[in-house]
Amino acid sequence: MKIKPDIMRPVTHLLKLTDCSAGAGALGELTVGVIGGGHLGKRLARALQEGSGITPANIRVSSRRPETLQELSLMEIECFYDNQRLASWADVLFLCCLPCHLSQVCDDIRAHLPRHCVVYSFVSNAPVKRLSQLLGHTSILRPAYQLVPGDAEWQGPPSVMAALKDVEAIAASCPLSMSCGVRLGTGWLPAVLYSLLNMCSSVLPPEGALQLLNQVLGHQSDSDLSIQPFISQSCASTLSPPRPLPWISLIDVQSRDTPLSWHLSSSSGLRKHLLSVYLTTLTPEGDKEQEISCQ
């Protein structure tokens, strides 16, 4: 199976953002686990090590055949076969197992997932609601891809790592600028932002969580996000400073329209800013000037 580079780039961007929030001192160092050491799992682990800024010590892989992952071991990524151990350790956990192994994997890790852990599933034929039932967990992201017809033909770089260094490919892969071909569904970006808010609010009161989220997103004071785009006005009015933000179910976020999805669709300024953050985060340092011209 050939892994399309555009599938990996939003994932690497998500990990760079969450690692930025960890670097702010509130969440500690971000830990990332990958369940499945096949073609996808190996490519993902390598892309995370080389393209996300996360140190090898904070990336681990659980596979039925860890002895086949020597390439990752040489990169100082710890490889073993213990799904429960990995689930209890990881802040972000990627499911890259075969569909036929999914039920067993979920049985293994169900009782070991910390509430704050974000599970990101690449398993085909497993809708997010089904994953939530199997895992007893609501912090799950599952990218939904759509095929949008168009006249333009574009040949991207041949590998994931080459794509992560290609300014044109990075710009074309942003969920906010995809126009035709294979693209992410509209629910992916709001779900990512809600997952970041959950991670921030798990350790900070509302004001501090929003301040950290705005810091991660690079917002200036005149364009900071408030709580209103994330939750209903009636819910926001009941919050007081000592009271934590409500935990947002990512299952619900990906299944229906939300205050944030409406806000994103109506705010061109916010979309432009998030596009800029996406490009700036992923573009190699030497290509910043070219990245600016792509906007």
# chains A, B, ... in the order shown; residues from 1 in each chain; ligands from 1
$ residues_around --residues "Asp91 in chain A" --least-positions-apart "4" --cutoff "7 Å" --atoms "only C-alpha atoms" --output "MDAnalysis selection string"
chainID A and resid 30:32 116:118
$ write_last_selection --atoms "N, CA and C atoms" --output "mmCIF file, in the first residue's frame"
data_model
loop_
_atom_site.group_PDB
_atom_site.id
_atom_site.type_symbol
_atom_site.label_atom_id
_atom_site.label_comp_id
_atom_site.auth_asym_id
_atom_site.auth_seq_id
_atom_site.Cartn_x
_atom_site.Cartn_y
_atom_site.Cartn_z
ATOM 1 N N LEU A 30 5.343 16.138 25.392
ATOM 2 C CA LEU A 30 4.320 15.339 24.723
ATOM 3 C C LEU A 30 4.860 13.957 24.407
ATOM 4 N N THR A 31 4.083 12.914 24.701
ATOM 5 C CA THR A 31 4.479 11.538 24.394
ATOM 6 C C THR A 31 3.535 10.975 23.337
ATOM 7 N N VAL A 32 4.110 10.291 22.342
ATOM 8 C CA VAL A 32 3.342 9.819 21.192
ATOM 9 C C VAL A 32 3.572 8.324 20.995
ATOM 10 N N HIS A 116 -7.144 12.141 29.081
ATOM 11 C CA HIS A 116 -6.637 13.209 28.219
ATOM 12 C C HIS A 116 -6.023 12.693 26.924
ATOM 13 N N CYS A 117 -5.775 11.387 26.834
ATOM 14 C CA CYS A 117 -5.101 10.828 25.655
ATOM 15 C C CYS A 117 -5.975 10.982 24.409
ATOM 16 N N VAL A 118 -5.398 11.539 23.357
ATOM 17 C CA VAL A 118 -6.095 11.667 22.085
ATOM 18 C C VAL A 118 -5.732 10.465 21.213
#
$ residues_around --residues "range 265-273 of chain A" --least-positions-apart "3" --cutoff "9 Å" --atoms "only C-alpha atoms" --output "number ranges by chain"
A: 176, 217-219, 223, 260-262, 276-278
$ atom_distance --atom1 "CA of Pro99 in chain A" --atom2 "CA of Ala45 in chain A"
19.3 Å
$ residues_around --residues "His112 in chain A" --least-positions-apart "3" --cutoff "10 Å" --atoms "only C-alpha atoms" --output "short mmCIF file (atom, residue, chain, number, x, y, z; two decimals) with N, CA and C atoms, in the first residue's frame"
data_model
loop_
_atom_site.label_atom_id
_atom_site.label_comp_id
_atom_site.auth_asym_id
_atom_site.auth_seq_id
_atom_site.Cartn_x
_atom_site.Cartn_y
_atom_site.Cartn_z
N ASN A 83 0.64 -3.32 24.07
CA ASN A 83 -0.32 -2.26 23.78
C ASN A 83 -0.80 -1.55 25.04
N GLN A 84 -0.96 -2.28 26.13
CA GLN A 84 -1.44 -1.68 27.36
C GLN A 84 -0.42 -0.68 27.92
N ARG A 85 0.83 -1.08 27.92
CA ARG A 85 1.90 -0.21 28.39
C ARG A 85 1.97 1.07 27.56
N LEU A 86 1.82 0.93 26.26
CA LEU A 86 1.89 2.10 25.38
C LEU A 86 0.71 3.03 25.62
N ALA A 87 -0.49 2.47 25.75
CA ALA A 87 -1.69 3.28 25.93
C ALA A 87 -1.64 4.08 27.23
N SER A 88 -1.14 3.50 28.29
CA SER A 88 -1.09 4.19 29.57
C SER A 88 -0.03 5.28 29.60
N TRP A 89 0.92 5.23 28.65
CA TRP A 89 2.04 6.18 28.61
C TRP A 89 1.78 7.36 27.68
N ASP A 107 -9.71 -4.04 22.96
CA ASP A 107 -9.85 -4.78 24.23
C ASP A 107 -8.61 -4.63 25.09
N ASP A 108 -7.44 -4.64 24.43
CA ASP A 108 -6.17 -4.54 25.17
C ASP A 108 -6.05 -3.19 25.88
N ILE A 109 -6.41 -2.11 25.21
CA ILE A 109 -6.08 -0.79 25.72
C ILE A 109 -7.24 -0.07 26.40
N ARG A 115 -7.74 9.74 30.38
CA ARG A 115 -8.83 10.53 29.80
C ARG A 115 -8.31 11.56 28.79
N LEU A 135 -13.66 1.49 22.60
CA LEU A 135 -12.64 1.97 23.53
C LEU A 135 -13.22 2.56 24.82
#
$ residues_around --residues "range 67-77 of chain A" --least-positions-apart "2" --cutoff "10 Å" --atoms "only C-alpha atoms" --output "ChimeraX atom specification"
/A:37-38,42-43,45-46,49-50,55-61,63-65,79-81
$ select_by_dssp --residues "range 53-198 of chain A" --states "strand (DSSP E or B)" --output "VMD selection string"
chain A and resid 59 to 62 78 to 80 92 to 95 118 to 121 140 to 141 145 to 148 181 to 184
$ residues_around --residues "Val123 in chain A" --least-positions-apart "2" --cutoff "7 Å" --atoms "only C-alpha atoms" --output "NGL selection string"
:A and (95-99 or 121 or 125-126)
$ write_last_selection --atoms "all heavy atoms" --output "PDB file, in the first residue's frame"
ATOM      1  N   LEU A  95      -3.589   4.695  15.989  1.00  0.00           N
ATOM      2  CA  LEU A  95      -3.964   3.323  15.674  1.00  0.00           C
ATOM      3  C   LEU A  95      -3.662   3.067  14.201  1.00  0.00           C
ATOM      4  O   LEU A  95      -4.309   3.633  13.320  1.00  0.00           O
ATOM      5  CB  LEU A  95      -5.451   3.088  15.950  1.00  0.00           C
ATOM      6  CG  LEU A  95      -5.928   3.250  17.395  1.00  0.00           C
ATOM      7  CD1 LEU A  95      -7.410   2.900  17.502  1.00  0.00           C
ATOM      8  CD2 LEU A  95      -5.107   2.396  18.356  1.00  0.00           C
ATOM      9  N   CYS A  96      -2.679   2.213  13.942  1.00  0.00           N
ATOM     10  CA  CYS A  96      -2.266   1.877  12.570  1.00  0.00           C
ATOM     11  C   CYS A  96      -2.326   0.372  12.342  1.00  0.00           C
ATOM     12  O   CYS A  96      -1.605  -0.159  11.492  1.00  0.00           O
ATOM     13  CB  CYS A  96      -0.853   2.391  12.303  1.00  0.00           C
ATOM     14  SG  CYS A  96      -0.655   4.162  12.509  1.00  0.00           S
ATOM     15  N   CYS A  97      -3.166  -0.312  13.119  1.00  0.00           N
ATOM     16  CA  CYS A  97      -3.254  -1.757  13.007  1.00  0.00           C
ATOM     17  C   CYS A  97      -4.169  -2.149  11.841  1.00  0.00           C
ATOM     18  O   CYS A  97      -4.883  -1.322  11.278  1.00  0.00           O
ATOM     19  CB  CYS A  97      -3.785  -2.358  14.306  1.00  0.00           C
ATOM     20  SG  CYS A  97      -5.434  -1.771  14.779  1.00  0.00           S
ATOM     21  N   LEU A  98      -4.146  -3.434  11.502  1.00  0.00           N
ATOM     22  CA  LEU A  98      -5.043  -3.939  10.478  1.00  0.00           C
ATOM     23  C   LEU A  98      -6.481  -3.959  11.010  1.00  0.00           C
ATOM     24  O   LEU A  98      -6.699  -4.162  12.214  1.00  0.00           O
ATOM     25  CB  LEU A  98      -4.634  -5.357  10.072  1.00  0.00           C
ATOM     26  CG  LEU A  98      -3.287  -5.497   9.358  1.00  0.00           C
ATOM     27  CD1 LEU A  98      -2.937  -6.973   9.208  1.00  0.00           C
ATOM     28  CD2 LEU A  98      -3.324  -4.810   8.009  1.00  0.00           C
ATOM     29  N   PRO A  99      -7.478  -3.759  10.148  1.00  0.00           N
ATOM     30  CA  PRO A  99      -8.873  -3.791  10.610  1.00  0.00           C
ATOM     31  C   PRO A  99      -9.233  -5.080  11.344  1.00  0.00           C
ATOM     32  O   PRO A  99     -10.003  -5.049  12.304  1.00  0.00           O
ATOM     33  CB  PRO A  99      -9.672  -3.640   9.313  1.00  0.00           C
ATOM     34  CG  PRO A  99      -8.768  -2.890   8.401  1.00  0.00           C
ATOM     35  CD  PRO A  99      -7.381  -3.373   8.720  1.00  0.00           C
ATOM     36  N   SER A 121      -7.059   7.578  14.793  1.00  0.00           N
ATOM     37  CA  SER A 121      -7.191   6.287  14.114  1.00  0.00           C
ATOM     38  C   SER A 121      -7.041   6.403  12.608  1.00  0.00           C
ATOM     39  O   SER A 121      -7.683   7.239  11.967  1.00  0.00           O
ATOM     40  CB  SER A 121      -8.555   5.662  14.431  1.00  0.00           C
ATOM     41  OG  SER A 121      -8.727   4.467  13.686  1.00  0.00           O
ATOM     42  N   ASN A 125     -12.678   1.430   7.660  1.00  0.00           N
ATOM     43  CA  ASN A 125     -13.944   0.755   7.972  1.00  0.00           C
ATOM     44  C   ASN A 125     -14.266   0.738   9.462  1.00  0.00           C
ATOM     45  O   ASN A 125     -14.928  -0.193   9.941  1.00  0.00           O
ATOM     46  CB  ASN A 125     -13.936  -0.688   7.430  1.00  0.00           C
ATOM     47  CG  ASN A 125     -13.734  -0.730   5.931  1.00  0.00           C
ATOM     48  OD1 ASN A 125     -14.243   0.103   5.203  1.00  0.00           O
ATOM     49  ND2 ASN A 125     -12.965  -1.707   5.469  1.00  0.00           N
ATOM     50  N   ALA A 126     -13.812   1.756  10.180  1.00  0.00           N
ATOM     51  CA  ALA A 126     -14.115   1.849  11.614  1.00  0.00           C
ATOM     52  C   ALA A 126     -14.524   3.279  11.919  1.00  0.00           C
ATOM     53  O   ALA A 126     -13.688   4.123  12.252  1.00  0.00           O
ATOM     54  CB  ALA A 126     -12.913   1.445  12.452  1.00  0.00           C
TER      55      ALA A 126
END
